[in-house]
$ cat model-v8.txt   # compact mmCIF, C-alpha atoms and all ligand atoms
# COMPACT_ATOMS: atom_id res chain seq x y z
CA MET G 1 33.37 58.57 0.87
CA SER G 2 36.39 56.45 -0.08
CA LEU G 3 35.24 55.68 -3.62
CA VAL G 4 35.59 58.25 -6.38
CA LEU G 5 33.30 56.42 -8.83
CA ASP G 6 29.86 57.98 -9.10
CA PRO G 7 27.46 56.08 -6.75
CA ALA G 8 25.04 55.36 -9.62
CA ALA G 9 27.91 53.75 -11.54
CA GLN G 10 28.88 51.74 -8.44
CA ASP G 11 25.33 50.38 -8.31
CA LEU G 12 25.20 49.71 -12.06
CA LEU G 13 28.46 47.82 -12.15
CA PHE G 14 28.38 46.06 -8.76
CA ARG G 15 25.75 46.57 -6.05
CA GLU G 16 22.62 46.27 -8.14
CA ALA G 17 24.07 44.24 -11.01
CA ARG G 18 22.80 40.68 -11.02
CA THR G 19 23.38 37.46 -12.91
CA ALA G 20 20.38 37.20 -15.24
CA ASN G 21 18.61 33.93 -16.01
CA THR G 22 15.84 35.37 -18.21
CA PHE G 23 15.94 38.15 -20.81
CA THR G 24 13.60 40.40 -22.79
CA ASP G 25 13.52 40.04 -26.59
CA GLU G 26 15.39 43.33 -27.07
CA PRO G 27 18.35 42.58 -29.36
CA VAL G 28 21.96 43.32 -28.44
CA SER G 29 23.47 45.23 -31.36
CA GLU G 30 26.91 45.01 -32.92
CA GLU G 31 27.44 48.63 -31.80
CA GLN G 32 26.80 47.69 -28.17
CA VAL G 33 29.26 44.81 -28.34
CA GLN G 34 31.82 47.11 -29.96
CA ALA G 35 31.36 49.69 -27.20
CA ILE G 36 31.72 46.98 -24.54
CA TYR G 37 34.90 45.63 -26.11
CA ASP G 38 36.33 49.14 -26.44
CA LEU G 39 36.21 49.37 -22.63
CA VAL G 40 37.18 45.78 -21.86
CA LYS G 41 40.32 45.82 -24.00
CA TYR G 42 41.95 48.22 -21.52
CA GLY G 43 41.76 45.79 -18.58
CA PRO G 44 45.27 44.72 -17.55
CA THR G 45 46.86 41.36 -18.41
CA ALA G 46 50.38 40.04 -17.90
CA PHE G 47 52.72 41.42 -20.59
CA ASN G 48 49.51 42.89 -22.07
CA GLN G 49 49.01 39.46 -23.61
CA THR G 50 45.19 39.87 -23.91
CA PRO G 51 44.46 36.20 -24.65
CA LEU G 52 40.65 36.47 -24.44
CA ARG G 53 38.79 35.62 -27.64
CA ILE G 54 35.03 36.08 -28.00
CA THR G 55 32.77 34.12 -30.34
CA LEU G 56 29.37 35.79 -30.79
CA VAL G 57 26.72 33.15 -31.40
CA ARG G 58 24.17 35.03 -33.48
CA SER G 59 22.66 32.63 -36.02
CA ALA G 60 19.78 30.34 -35.00
CA GLU G 61 21.67 27.39 -36.42
CA ALA G 62 24.81 28.08 -34.32
CA ARG G 63 22.66 28.73 -31.24
CA GLU G 64 21.04 25.32 -31.64
CA ARG G 65 24.45 23.66 -31.91
CA LEU G 66 25.64 25.44 -28.75
CA VAL G 67 22.55 24.63 -26.69
CA GLN G 68 23.17 20.91 -27.22
CA HIS G 69 26.47 21.22 -25.34
CA MET G 70 24.99 23.14 -22.40
CA ALA G 71 24.08 21.45 -19.12
CA GLU G 72 20.36 20.77 -18.95
CA GLY G 73 19.68 23.59 -16.49
CA ASN G 74 21.43 26.08 -18.78
CA GLN G 75 19.76 25.09 -22.05
CA ALA G 76 16.52 27.08 -22.00
CA LYS G 77 18.15 30.40 -21.09
CA THR G 78 20.96 29.90 -23.61
CA ALA G 79 18.36 29.21 -26.32
CA ALA G 80 16.35 32.33 -25.40
CA ALA G 81 18.98 35.00 -24.64
CA PRO G 82 19.22 37.86 -27.18
CA LEU G 83 22.96 37.27 -27.54
CA VAL G 84 25.29 34.51 -26.41
CA ALA G 85 29.09 34.76 -26.35
CA ILE G 86 31.60 31.94 -26.03
CA LEU G 87 34.67 33.23 -24.20
CA SER G 88 37.91 31.35 -24.82
CA ALA G 89 41.62 31.62 -24.13
CA ASP G 90 43.97 31.79 -27.13
CA ASN G 91 46.92 29.56 -26.23
CA GLU G 92 48.86 30.98 -29.17
CA PHE G 93 48.58 34.56 -27.90
CA HIS G 94 52.37 34.84 -27.93
CA GLU G 95 52.36 35.44 -31.70
CA GLU G 96 50.96 38.93 -31.02
CA LEU G 97 53.22 39.61 -28.05
CA PRO G 98 55.98 41.62 -29.78
CA THR G 99 53.24 43.99 -31.01
CA LEU G 100 51.25 44.03 -27.78
CA PHE G 101 54.26 44.47 -25.51
CA PRO G 102 56.85 46.36 -27.56
CA ALA G 103 58.76 47.38 -24.43
CA PHE G 104 60.05 43.80 -24.09
CA PRO G 105 59.61 41.86 -27.35
CA GLN G 106 61.93 39.09 -26.09
CA ALA G 107 59.14 37.96 -23.72
CA LYS G 108 57.65 35.82 -26.49
CA ASP G 109 60.64 33.48 -26.70
CA LEU G 110 61.90 33.87 -23.14
CA PHE G 111 58.69 32.96 -21.32
CA PHE G 112 56.22 31.51 -23.82
CA SER G 113 58.08 29.11 -26.09
CA GLU G 114 56.49 26.15 -24.25
CA ARG G 115 52.80 25.38 -24.86
CA ALA G 116 52.27 24.50 -21.16
CA ALA G 117 53.51 27.94 -20.08
CA ARG G 118 51.21 29.59 -22.62
CA GLU G 119 48.17 27.60 -21.50
CA ASN G 120 48.88 28.53 -17.91
CA ALA G 121 49.22 32.24 -18.68
CA ALA G 122 46.33 32.31 -21.15
CA GLY G 123 43.99 30.62 -18.65
CA LEU G 124 44.66 33.16 -15.93
CA ASN G 125 44.72 36.26 -18.10
CA ALA G 126 41.72 35.36 -20.24
CA ALA G 127 39.77 34.67 -17.03
CA LEU G 128 40.68 38.16 -15.83
CA GLN G 129 39.45 39.55 -19.14
CA ALA G 130 36.25 37.52 -18.85
CA ALA G 131 35.61 39.32 -15.57
CA TYR G 132 36.28 42.68 -17.26
CA PHE G 133 33.85 41.59 -19.99
CA ILE G 134 31.06 40.92 -17.48
CA VAL G 135 31.59 44.37 -15.96
CA GLY G 136 31.67 45.85 -19.49
CA VAL G 137 28.31 44.24 -20.28
CA ARG G 138 26.92 45.88 -17.14
CA ALA G 139 28.39 49.24 -18.19
CA ALA G 140 26.23 48.99 -21.34
CA GLY G 141 23.11 48.71 -19.15
CA LEU G 142 22.81 45.02 -19.95
CA ALA G 143 22.90 41.92 -17.78
CA ALA G 144 25.28 38.98 -18.18
CA GLY G 145 24.59 35.35 -17.37
CA PRO G 146 28.00 33.63 -17.27
CA MET G 147 27.98 29.81 -17.28
CA THR G 148 30.58 27.07 -16.97
CA GLY G 149 27.94 24.34 -16.98
CA PHE G 150 28.64 22.93 -20.46
CA ASP G 151 30.68 20.28 -22.24
CA PHE G 152 34.01 22.08 -22.70
CA GLU G 153 35.45 19.59 -25.15
CA GLY G 154 32.21 19.58 -27.15
CA VAL G 155 32.16 23.39 -27.40
CA ARG G 156 35.86 23.46 -28.30
CA LYS G 157 35.35 20.98 -31.14
CA GLU G 158 32.12 22.59 -32.36
CA PHE G 159 33.22 26.24 -32.36
CA LEU G 160 36.95 26.55 -31.67
CA ASP G 161 40.15 24.63 -32.40
CA ASP G 162 43.06 23.03 -30.56
CA ASP G 163 44.65 26.42 -29.91
CA HIS G 164 41.64 27.76 -28.00
CA THR G 165 40.37 26.68 -24.57
CA PRO G 166 36.76 27.54 -23.73
CA LEU G 167 36.35 29.51 -20.48
CA MET G 168 32.67 30.27 -20.19
CA VAL G 169 29.49 30.91 -22.14
CA VAL G 170 27.78 34.25 -21.39
CA ASN G 171 24.14 35.09 -22.05
CA ILE G 172 23.67 38.82 -22.62
CA GLY G 173 20.61 41.07 -22.75
CA LYS G 174 18.12 43.14 -20.79
CA PRO G 175 16.84 41.14 -17.81
CA GLY G 176 13.37 39.66 -18.27
CA ALA G 177 10.68 38.53 -15.82
CA ASP G 178 11.94 36.76 -12.67
CA ALA G 179 15.46 37.19 -13.99
CA TRP G 180 17.35 36.27 -10.86
CA TYR G 181 17.54 33.96 -7.91
CA PRO G 182 17.52 35.56 -4.44
CA ARG G 183 20.79 37.41 -3.82
CA SER G 184 23.22 35.08 -2.06
CA PRO G 185 25.32 36.34 0.85
CA ARG G 186 28.88 37.54 0.25
CA LEU G 187 31.87 37.00 2.49
CA GLU G 188 32.58 40.00 4.68
CA TYR G 189 35.82 41.94 4.78
CA ASP G 190 37.20 40.14 7.84
CA GLN G 191 36.60 36.74 6.26
CA VAL G 192 38.64 37.61 3.21
CA ILE G 193 41.23 40.23 4.03
CA THR G 194 44.31 39.52 6.10
CA THR G 195 46.97 42.09 6.71
CA VAL G 196 50.53 41.08 7.44
C1 LIG K 201 32.34 31.59 -14.08
C2 LIG K 201 30.88 31.45 -13.71
C3 LIG K 201 30.21 30.28 -14.03
C4 LIG K 201 28.84 30.15 -13.74
N1 LIG K 201 28.18 29.02 -14.17
C5 LIG K 201 26.83 29.00 -14.06
C6 LIG K 201 26.08 27.95 -14.67
O1 LIG K 201 26.62 27.05 -15.33
N2 LIG K 201 24.72 27.97 -14.54
C7 LIG K 201 24.08 28.96 -13.84
O2 LIG K 201 22.84 28.95 -13.78
N3 LIG K 201 24.78 29.97 -13.24
C8 LIG K 201 26.12 30.01 -13.35
N4 LIG K 201 26.83 31.07 -12.81
C9 LIG K 201 26.09 32.15 -12.07
C10 LIG K 201 26.50 32.30 -10.59
O3 LIG K 201 25.88 31.32 -9.80
C11 LIG K 201 26.10 33.71 -10.15
O4 LIG K 201 26.84 34.62 -10.94
C12 LIG K 201 26.41 34.00 -8.67
O5 LIG K 201 25.65 33.16 -7.87
C13 LIG K 201 26.11 35.45 -8.32
O6 LIG K 201 24.78 35.77 -8.59
P1 LIG K 201 24.27 37.31 -8.54
O7 LIG K 201 25.10 38.06 -9.55
O8 LIG K 201 22.84 37.26 -8.95
O9 LIG K 201 24.47 37.80 -7.17
C14 LIG K 201 28.17 31.21 -13.08
C15 LIG K 201 28.87 32.40 -12.77
C16 LIG K 201 30.19 32.52 -13.10
C17 LIG K 201 30.88 33.84 -12.82
$ encode --input "model-v8.txt" --output "structure tokens"
Amino acid sequence: MSLVLDPAAQDLLFREARTANTFTDEPVSEEQVQAIYDLVKYGPTAFNQTPLRITLVRSAEARERLVQHMAEGNQAKTAAAPLVAILSADNEFHEELPTLFPAFPQAKDLFFSERAARENAAGLNAALQAAYFIVGVRAAGLAAGPMTGFDFEGVRKEFLDDDHTPLMVVNIGKPGADAWYPRSPRLEYDQVITTV
């Protein structure tokens, strides 16, 4: 009664959405990724800095290079998923800031002239956007398999550069046979929420 979102959408995005470990062969199209991004880009970030960058790993050759940097338990599913995305934080996001936050263009020099401050902000805000991305994948009727079990430095050197920090690798597609582990319990309201 308290939620205004259609119950079917609640299920699609949260209650029935699962982290997939196997996928069907059905491809994930460029149009689907575009539609996902066109939702995800509206998720809020500090100063609208939107530091998330997404590398779609589509070629077989690039997939093979990525799999070698994945933890052993993540290799088979990363090799087999219809689409794999490397999510990273752009530590030089401040270059776009005067455009992205025209209400306060001084923010670029006032708050983000130091690399350490940018890395700090980019890490938090790109992680927020990664969460929006997972929900966006679900909104497209697809399942996401986010992973942090990989060699971060290896992936950075192989696919990114010094200005980008990898956050996670996400397998994307329609869930296949035995796609998920048993649902793990969640913390209940009283374990998480305090009111002061
Ligand atoms: C940031 C992040 C990193 C994760 N890393 C891995 C991983 O390296 N390997 C893996 O098999 N699952 C990984 N997972 C999957 C989680 O274990 C899974 O999402 C969680 O247990 C909830 O599962 P459910 O959506 O099926 O309820 C990761 C999930 C997230 C969000």
$ residues_around --input "model-v8.txt" --residues "Glu64 (chain G)" --least-positions-apart "3" --cutoff "12 Å" --atoms "all atoms listed in the file" --output "PyMOL selection string"
chain G and resi 57-61+67-70+75-76+78-80+84+158
$ atom_distance --input "model-v8.txt" --atom1 "CA of Arg53 (chain G)" --atom2 "CA of His94 (chain G)"
13.6 Å
$ closest_residue --input "model-v8.txt" --among "G:Asp163, G:Glu30, G:Asp190, G:Asp151" --to "Arg115 (chain G)" --atoms "only C-alpha atoms"
G:Asp163
$ residues_near_ligand --input "model-v8.txt" --ligand "ligand LIG 201 (chain K)" --cutoff "6 Å" --atoms "all atoms listed in the file" --output "list in words"
Arg18, Thr19, Asn74, Pro146, Met147, Thr148, Gly149, Trp180, Arg183 and Ser184 of chain G
$ atom_distance --input "model-v8.txt" --atom1 "CA of Gln32 (chain G)" --atom2 "CA of Phe14 (chain G)"
19.5 Å
$ residues_around --input "model-v8.txt" --residues "Glu26 (chain G)" --least-positions-apart "3" --cutoff "8 Å" --atoms "only C-alpha atoms" --output "ChimeraX atom specification"
/G:82,173-174
$ atom_distance --input "model-v8.txt" --atom1 "CA of Met168 (chain G)" --atom2 "CA of Ser88 (chain G)"
7.1 Å
$ closest_residue --input "model-v8.txt" --among "G:Leu187, G:Ile193, G:Ala62, G:Ala46" --to "Asn120 (chain G)" --atoms "all atoms listed in the file"
G:Ala46
$ residues_near_point --input "model-v8.txt" --point "(43.6, 39.4, -22.0)" --cutoff "8 Å" --atoms "only C-alpha atoms" --output "MDAnalysis selection string"
chainID G and resid 41 43:46 48:52 122 125:129
$ write_last_selection --input "model-v8.txt" --atoms "C-alpha atoms" --output "PDB file, in the frame of the given file"
ATOM      1  CA  LYS G  41      40.320  45.820 -24.000  1.00  0.00           C
ATOM      2  CA  GLY G  43      41.760  45.790 -18.580  1.00  0.00           C
ATOM      3  CA  PRO G  44      45.270  44.720 -17.550  1.00  0.00           C
ATOM      4  CA  THR G  45      46.860  41.360 -18.410  1.00  0.00           C
ATOM      5  CA  ALA G  46      50.380  40.040 -17.900  1.00  0.00           C
ATOM      6  CA  ASN G  48      49.510  42.890 -22.070  1.00  0.00           C
ATOM      7  CA  GLN G  49      49.010  39.460 -23.610  1.00  0.00           C
ATOM      8  CA  THR G  50      45.190  39.870 -23.910  1.00  0.00           C
ATOM      9  CA  PRO G  51      44.460  36.200 -24.650  1.00  0.00           C
ATOM     10  CA  LEU G  52      40.650  36.470 -24.440  1.00  0.00           C
ATOM     11  CA  ALA G 122      46.330  32.310 -21.150  1.00  0.00           C
ATOM     12  CA  ASN G 125      44.720  36.260 -18.100  1.00  0.00           C
ATOM     13  CA  ALA G 126      41.720  35.360 -20.240  1.00  0.00           C
ATOM     14  CA  ALA G 127      39.770  34.670 -17.030  1.00  0.00           C
ATOM     15  CA  LEU G 128      40.680  38.160 -15.830  1.00  0.00           C
ATOM     16  CA  GLN G 129      39.450  39.550 -19.140  1.00  0.00           C
TER      17      GLN G 129
END
$ closest_residue --input "model-v8.txt" --among "G:Val169, G:Glu119, G:Gln34, G:Phe111" --to "Arg63 (chain G)" --atoms "all atoms listed in the file"
G:Val169
$ residues_around --input "model-v8.txt" --residues "Val135 (chain G)" --least-positions-apart "2" --cutoff "10 Å" --atoms "all atoms listed in the file" --output "ChimeraX atom specification"
/G:12-14,17,36,39-40,129-133,137-140,142-144
$ residues_around --input "model-v8.txt" --residues "Ala177 (chain G)" --least-positions-apart "6" --cutoff "12 Å" --atoms "all atoms listed in the file" --output "list in words"
Ala20, Asn21, Thr22, Phe23, Thr24 and Asp25 of chain G
$ axis_aligned_box --input "model-v8.txt" --around "region 172-177 of chain G" --padding-each-side "5 Å" --output "AutoDock Vina command-line options"
--center_x 17.2 --center_y 40.8 --center_z -19.3 --size_x 23.0 --size_y 14.6 --size_z 16.9
